[in-house]
Amino acid sequence: MALKPRAPHNRTLTLTAAEISALATQLLQLAGPVDLGMLCDRILQQNLFEVLDWLPSQSVDLLFLDPPYNLTKSFNGETFRGRSQGAYGDWLASWFRPLLRTLKPSATVYVCGDWRSSGAILSVLEAHLIVRNRITWEREKGRGAKGNWKNCAEDIWFSTVSEDYCFHGDAVRLKRRVLAPYRNAQGQPKDWEAGDRGNYRLTSASNLWTDLTVPFWSMPENTDHPTQKPEKLLAKLLLASSNPGDLVLDPFLGSGTTAVVAKKLGRRFIGIEQDLNYCCLAQKRLALAETHTAIQGYDDGVFWARNAL
């Protein structure tokens, strides 16, 4: 991977040729079915379609899916091309249906999309699972559009296999500054608390997220992957919909955010990614997570509103 010129304070993770050679030896490639023990906490450097039939059945507690959206985009030289809504839905179903076999009866599934792809995603999900909600999160990045509204929101569809599923709402509360602190008749704070850092209120997690920051050059989690999700986003999903020790599967791992957050939060993971450079970035991030366990925006057991800390 060619190194780009960087600004002096740029913290974007990069790889040298020597690192790629060393990290590639840690990746797994399957030639047939294997037991779950061989796959746990490993990254498979393969095309998803090559390994679909070899993944263990009813083993996954949480499935996180961040597939290419329905637009033409290059991923380190590999190009995914946009297509009609029907053709995109057929493509989704071609790998989603076989993945259902890997899910436990109590499993949760989250699928990322944008306005172009969400209709097809919903159609595929409704055919197989119980769709429970759509999270919309603010992706405040990029330039404005001259002939359209600026596209700065994405969706995450929340669905489950059955009525038997876990959801820990108290684990994903958001801490916000109180700008107009109201007190009751006795002069005590009403639904907020005063502290050394200021006045704050804990609010329940909603399906509208405005507290996320897309990784950029000054953040230590940043890579050159074009659609990298924030660690904070994955932390919300994993804390809400899994328990310590649960198994998380990400078949479109990219530069490894799901695996890294699973490791930081005490979950097991299986990641699948066909691009060697992205796999090696994920392995490098996993090694760094051995000693750097913090998740930006998550502190003291709560998520903080953007710029609140």
# chains A, B, ... in the order shown; residues from 1 in each chain; ligands from 1
>>> closest_atom_pairs(of="region 151-231 of chain A", to="region 110-116 of chain A", cutoff="9 Å", atoms="only C-alpha atoms", output="Markdown table")
| residue | atom | partner | partner_atom | distance |
| --- | --- | --- | --- | --- |
| A:Asn151 | CA | A:Trp115 | CA | 8.9 |
| A:Ala153 | CA | A:Asp114 | CA | 7.3 |
| A:Glu154 | CA | A:Asp114 | CA | 4.7 |
| A:Asp155 | CA | A:Gly113 | CA | 5.2 |
| A:Ile156 | CA | A:Cys112 | CA | 4.4 |
| A:Trp157 | CA | A:Val111 | CA | 5.1 |
| A:Phe158 | CA | A:Tyr110 | CA | 4.9 |
| A:Ser159 | CA | A:Tyr110 | CA | 6.4 |
| A:Thr160 | CA | A:Tyr110 | CA | 8.6 |
>>> write_last_selection(atoms="C-alpha atoms", output="PDB file, in the first residue's frame")
ATOM      1  CA  ASN A 151     -26.515  13.821   1.908  1.00  0.00           C
ATOM      2  CA  ALA A 153     -27.557  10.791   7.051  1.00  0.00           C
ATOM      3  CA  GLU A 154     -27.350   7.006   6.938  1.00  0.00           C
ATOM      4  CA  ASP A 155     -29.585   4.222   8.231  1.00  0.00           C
ATOM      5  CA  ILE A 156     -29.065   1.126  10.353  1.00  0.00           C
ATOM      6  CA  TRP A 157     -31.903  -1.407  10.265  1.00  0.00           C
ATOM      7  CA  PHE A 158     -32.503  -3.276  13.537  1.00  0.00           C
ATOM      8  CA  SER A 159     -34.050  -6.749  13.298  1.00  0.00           C
ATOM      9  CA  THR A 160     -34.137 -10.012  15.244  1.00  0.00           C
TER      10      THR A 160
END
>>> atom_distance(atom1="CA of Glu163 (chain A)", atom2="CA of Leu233 (chain A)")
24.2 Å
>>> closest_residue(among="A:Leu48, A:Ala240, A:Val161, A:Leu202", to="Val178 (chain A)", atoms="only C-alpha atoms")
A:Leu202
>>> select_by_dssp(residues="region 59-278 of chain A", states="alpha helix (DSSP H)", output="VMD selection string")
chain A and resid 85 to 99 118 to 126 231 to 241 257 to 264 276 to 278
>>> write_last_selection(atoms="N, CA and C atoms", output="compact mmCIF listing (two decimals), in the first residue's frame")
# COMPACT_ATOMS: atom_id res chain seq x y z
N GLN A 85 -32.81 -1.02 -8.28
CA GLN A 85 -33.24 -1.44 -6.95
C GLN A 85 -33.50 -2.95 -6.91
N GLY A 86 -34.13 -3.47 -7.96
CA GLY A 86 -34.41 -4.90 -7.98
C GLY A 86 -33.15 -5.73 -8.03
N ALA A 87 -32.19 -5.31 -8.86
CA ALA A 87 -30.94 -6.06 -8.97
C ALA A 87 -30.14 -5.97 -7.67
N TYR A 88 -30.18 -4.80 -7.01
CA TYR A 88 -29.47 -4.66 -5.74
C TYR A 88 -30.11 -5.55 -4.68
N GLY A 89 -31.43 -5.61 -4.64
CA GLY A 89 -32.10 -6.49 -3.70
C GLY A 89 -31.77 -7.96 -3.95
N ASP A 90 -31.68 -8.35 -5.22
CA ASP A 90 -31.30 -9.73 -5.54
C ASP A 90 -29.89 -10.04 -5.06
N TRP A 91 -28.99 -9.06 -5.22
CA TRP A 91 -27.62 -9.24 -4.74
C TRP A 91 -27.58 -9.39 -3.22
N LEU A 92 -28.33 -8.54 -2.51
CA LEU A 92 -28.40 -8.66 -1.05
C LEU A 92 -28.88 -10.06 -0.64
N ALA A 93 -29.97 -10.50 -1.25
CA ALA A 93 -30.57 -11.78 -0.89
C ALA A 93 -29.64 -12.95 -1.18
N SER A 94 -28.78 -12.82 -2.20
CA SER A 94 -27.93 -13.94 -2.62
C SER A 94 -26.96 -14.36 -1.54
N TRP A 95 -26.55 -13.42 -0.68
CA TRP A 95 -25.66 -13.80 0.42
C TRP A 95 -26.37 -13.72 1.79
N PHE A 96 -27.45 -12.94 1.87
CA PHE A 96 -28.13 -12.81 3.16
C PHE A 96 -28.86 -14.10 3.55
N ARG A 97 -29.56 -14.70 2.61
CA ARG A 97 -30.29 -15.94 2.92
C ARG A 97 -29.37 -17.04 3.45
N PRO A 98 -28.21 -17.29 2.81
CA PRO A 98 -27.31 -18.32 3.37
C PRO A 98 -26.75 -17.96 4.74
N LEU A 99 -26.61 -16.67 5.02
CA LEU A 99 -26.08 -16.26 6.33
C LEU A 99 -27.05 -16.55 7.47
N SER A 118 -31.75 1.57 1.31
CA SER A 118 -32.57 1.15 2.45
C SER A 118 -33.87 0.46 2.04
N GLY A 119 -34.47 0.86 0.92
CA GLY A 119 -35.70 0.20 0.49
C GLY A 119 -35.48 -1.27 0.19
N ALA A 120 -34.40 -1.58 -0.52
CA ALA A 120 -34.09 -2.97 -0.83
C ALA A 120 -33.72 -3.74 0.43
N ILE A 121 -32.99 -3.09 1.35
CA ILE A 121 -32.61 -3.75 2.60
C ILE A 121 -33.86 -4.13 3.40
N LEU A 122 -34.79 -3.19 3.54
CA LEU A 122 -36.02 -3.46 4.28
C LEU A 122 -36.78 -4.63 3.66
N SER A 123 -36.88 -4.65 2.36
CA SER A 123 -37.61 -5.73 1.68
C SER A 123 -37.00 -7.09 1.97
N VAL A 124 -35.68 -7.19 1.92
CA VAL A 124 -35.01 -8.47 2.20
C VAL A 124 -35.17 -8.86 3.67
N LEU A 125 -35.02 -7.90 4.56
CA LEU A 125 -35.15 -8.20 5.99
C LEU A 125 -36.55 -8.67 6.34
N GLU A 126 -37.56 -7.99 5.82
CA GLU A 126 -38.94 -8.34 6.17
C GLU A 126 -39.31 -9.74 5.69
N GLU A 231 -15.86 3.80 15.72
CA GLU A 231 -15.89 2.81 16.80
C GLU A 231 -17.06 3.08 17.75
N LYS A 232 -17.39 4.32 17.95
CA LYS A 232 -18.50 4.67 18.84
C LYS A 232 -19.82 4.09 18.33
N LEU A 233 -20.03 4.08 17.02
CA LEU A 233 -21.24 3.51 16.44
C LEU A 233 -21.34 2.02 16.76
N LEU A 234 -20.25 1.29 16.53
CA LEU A 234 -20.27 -0.14 16.81
C LEU A 234 -20.42 -0.42 18.28
N ALA A 235 -19.83 0.43 19.12
CA ALA A 235 -19.95 0.23 20.57
C ALA A 235 -21.40 0.31 21.01
N LYS A 236 -22.17 1.24 20.45
CA LYS A 236 -23.59 1.35 20.79
C LYS A 236 -24.32 0.06 20.45
N LEU A 237 -24.09 -0.46 19.25
CA LEU A 237 -24.80 -1.66 18.82
C LEU A 237 -24.41 -2.88 19.63
N LEU A 238 -23.12 -3.03 19.89
CA LEU A 238 -22.66 -4.22 20.63
C LEU A 238 -23.11 -4.18 22.09
N LEU A 239 -23.07 -3.03 22.72
CA LEU A 239 -23.49 -2.94 24.12
C LEU A 239 -25.00 -3.13 24.25
N ALA A 240 -25.75 -2.63 23.28
CA ALA A 240 -27.20 -2.75 23.35
C ALA A 240 -27.68 -4.17 23.06
N SER A 241 -27.02 -4.86 22.13
CA SER A 241 -27.60 -6.09 21.59
C SER A 241 -26.71 -7.31 21.71
N THR A 257 -13.25 -2.26 12.16
CA THR A 257 -13.86 -1.58 13.31
C THR A 257 -14.67 -2.53 14.18
N THR A 258 -15.48 -3.40 13.58
CA THR A 258 -16.31 -4.32 14.38
C THR A 258 -15.45 -5.23 15.24
N ALA A 259 -14.39 -5.79 14.66
CA ALA A 259 -13.52 -6.68 15.42
C ALA A 259 -12.83 -5.94 16.56
N VAL A 260 -12.36 -4.72 16.29
CA VAL A 260 -11.66 -3.95 17.31
C VAL A 260 -12.59 -3.62 18.49
N VAL A 261 -13.80 -3.17 18.18
CA VAL A 261 -14.74 -2.83 19.25
C VAL A 261 -15.18 -4.07 20.02
N ALA A 262 -15.37 -5.18 19.32
CA ALA A 262 -15.71 -6.43 20.00
C ALA A 262 -14.61 -6.79 21.00
N LYS A 263 -13.37 -6.66 20.59
CA LYS A 263 -12.26 -6.97 21.48
C LYS A 263 -12.24 -6.04 22.69
N LYS A 264 -12.44 -4.74 22.44
CA LYS A 264 -12.41 -3.77 23.54
C LYS A 264 -13.54 -3.99 24.53
N LEU A 276 -6.61 -7.72 1.06
CA LEU A 276 -5.47 -8.01 1.94
C LEU A 276 -5.06 -6.80 2.75
N ASN A 277 -4.98 -5.63 2.14
CA ASN A 277 -4.54 -4.44 2.86
C ASN A 277 -5.49 -4.07 3.99
N TYR A 278 -6.80 -4.16 3.74
CA TYR A 278 -7.76 -3.85 4.79
C TYR A 278 -7.68 -4.88 5.92
>>> atom_distance(atom1="CA of Leu28 (chain A)", atom2="CA of Leu247 (chain A)")
17.4 Å
>>> select_by_dssp(residues="region 190-233 of chain A", states="strand (DSSP E)", output="list in words")
Glu193, Ala194, Gly195, Gly198, Asn199, Tyr200, Arg201, Leu202, Thr203, Leu208 and Trp209 of chain A
>>> atom_distance(atom1="CA of Asn10 (chain A)", atom2="CA of Arg176 (chain A)")
28.9 Å
>>> residues_around(residues="Glu140 (chain A)", least_positions_apart="6", cutoff="12 Å", atoms="only C-alpha atoms", output="short mmCIF file (atom, residue, chain, number, x, y, z; two decimals) with C-alpha atoms, in the first residue's frame")
data_model
loop_
_atom_site.label_atom_id
_atom_site.label_comp_id
_atom_site.auth_asym_id
_atom_site.auth_seq_id
_atom_site.Cartn_x
_atom_site.Cartn_y
_atom_site.Cartn_z
CA LYS A 150 -26.56 17.54 1.14
CA ASN A 151 -26.52 13.82 1.91
CA CYS A 152 -25.42 13.60 5.57
CA ALA A 153 -27.56 10.79 7.05
CA GLU A 154 -27.35 7.01 6.94
CA TRP A 209 -28.09 9.63 16.52
CA THR A 210 -26.45 13.05 16.27
CA ASP A 211 -23.43 12.37 18.49
CA LEU A 212 -21.17 10.47 16.07
CA THR A 213 -18.04 11.73 14.37
CA VAL A 214 -16.95 10.05 11.13
CA PRO A 215 -13.27 9.06 11.53
CA PHE A 216 -10.91 11.69 10.15
CA ARG A 306 -20.54 15.37 20.47
#
>>> residues_around(residues="Asp250 (chain A)", least_positions_apart="4", cutoff="10 Å", atoms="only C-alpha atoms", output="list in words")
Ile43, Leu62, Leu63, Phe64, Leu65, Asp66, Pro67, Gly254, Gly256, Thr257, Thr258, Ala259, Phe269, Ile270, Gly271, Ile272 and Glu273 of chain A
>>> closest_atom_pairs(of="region 174-239 of chain A", to="region 13-24 of chain A", cutoff="9 Å", atoms="only C-alpha atoms", output="tab-separated table")
residue	atom	partner	partner_atom	distance
A:Pro220	CA	A:Leu13	CA	7.1
A:Glu221	CA	A:Leu13	CA	7.2
A:Asn222	CA	A:Leu13	CA	6.2
A:Thr223	CA	A:Leu13	CA	5.1
A:Asp224	CA	A:Leu13	CA	7.7
>>> write_last_selection(atoms="N, CA and C atoms", output="mmCIF file, in the first residue's frame")
data_model
loop_
_atom_site.group_PDB
_atom_site.id
_atom_site.type_symbol
_atom_site.label_atom_id
_atom_site.label_comp_id
_atom_site.auth_asym_id
_atom_site.auth_seq_id
_atom_site.Cartn_x
_atom_site.Cartn_y
_atom_site.Cartn_z
ATOM 1 N N PRO A 220 -7.096 8.578 16.136
ATOM 2 C CA PRO A 220 -6.198 7.423 16.042
ATOM 3 C C PRO A 220 -6.841 6.189 15.431
ATOM 4 N N GLU A 221 -8.169 6.141 15.336
ATOM 5 C CA GLU A 221 -8.831 4.993 14.717
ATOM 6 C C GLU A 221 -8.935 5.140 13.203
ATOM 7 N N ASN A 222 -8.561 6.281 12.663
ATOM 8 C CA ASN A 222 -8.781 6.554 11.243
ATOM 9 C C ASN A 222 -7.871 5.729 10.336
ATOM 10 N N THR A 223 -8.440 5.250 9.231
ATOM 11 C CA THR A 223 -7.679 4.578 8.172
ATOM 12 C C THR A 223 -8.091 5.198 6.842
ATOM 13 N N ASP A 224 -7.506 4.690 5.758
ATOM 14 C CA ASP A 224 -7.860 5.193 4.431
ATOM 15 C C ASP A 224 -9.051 4.455 3.822
#
>>> closest_residue(among="A:Gly198, A:Gly297, A:Pro105, A:Pro56", to="Arg177 (chain A)", atoms="only C-alpha atoms")
A:Gly198
>>> residues_around(residues="Leu208 (chain A)", least_positions_apart="4", cutoff="9 Å", atoms="only C-alpha atoms", output="PyMOL selection string")
chain A and resi 134-138
>>> write_last_selection(atoms="C-alpha atoms", output="compact mmCIF listing (two decimals), in the first residue's frame")
# COMPACT_ATOMS: atom_id res chain seq x y z
CA ARG A 134 -34.58 2.04 11.74
CA ILE A 135 -31.77 4.07 13.27
CA THR A 136 -30.79 7.22 11.42
CA TRP A 137 -27.41 8.70 12.20
CA GLU A 138 -25.90 12.01 11.17
>>> closest_residue(among="A:Ser84, A:Leu55, A:Arg183, A:Arg197", to="Thr72 (chain A)", atoms="only C-alpha atoms")
A:Ser84
>>> closest_residue(among="A:Asp35, A:Asp61, A:Asp300, A:Asp191", to="Lys104 (chain A)", atoms="only C-alpha atoms")
A:Asp61
>>> closest_atom_pairs(of="region 56-143 of chain A", to="region 166-169 of chain A", cutoff="10 Å", atoms="only C-alpha atoms", output="Markdown table")
| residue | atom | partner | partner_atom | distance |
| --- | --- | --- | --- | --- |
| A:Asp61 | CA | A:Cys166 | CA | 9.6 |
| A:Ser106 | CA | A:Cys166 | CA | 7.6 |
| A:Ala107 | CA | A:Cys166 | CA | 8.3 |
| A:Thr108 | CA | A:Cys166 | CA | 8.0 |
>>> write_last_selection(atoms="C-alpha atoms", output="PDB file, in the first residue's frame")
ATOM      1  CA  ASP A  61     -25.340 -13.790  18.533  1.00  0.00           C
ATOM      2  CA  SER A 106     -31.942 -15.271  19.865  1.00  0.00           C
ATOM      3  CA  ALA A 107     -29.684 -13.372  17.430  1.00  0.00           C
ATOM      4  CA  THR A 108     -29.893  -9.719  16.420  1.00  0.00           C
TER       5      THR A 108
END
>>> residues_around(residues="Trp192 (chain A)", least_positions_apart="3", cutoff="6 Å", atoms="only C-alpha atoms", output="list in words")
Pro189, Tyr200 and Arg201 of chain A
>>> closest_residue(among="A:Asn184, A:Asn133, A:Val302, A:Ala308", to="Asn199 (chain A)", atoms="only C-alpha atoms")
A:Ala308
>>> residues_around(residues="Ala31 (chain A)", least_positions_apart="6", cutoff="10 Å", atoms="only C-alpha atoms", output="PyMOL selection string")
chain A and resi 50-51+54
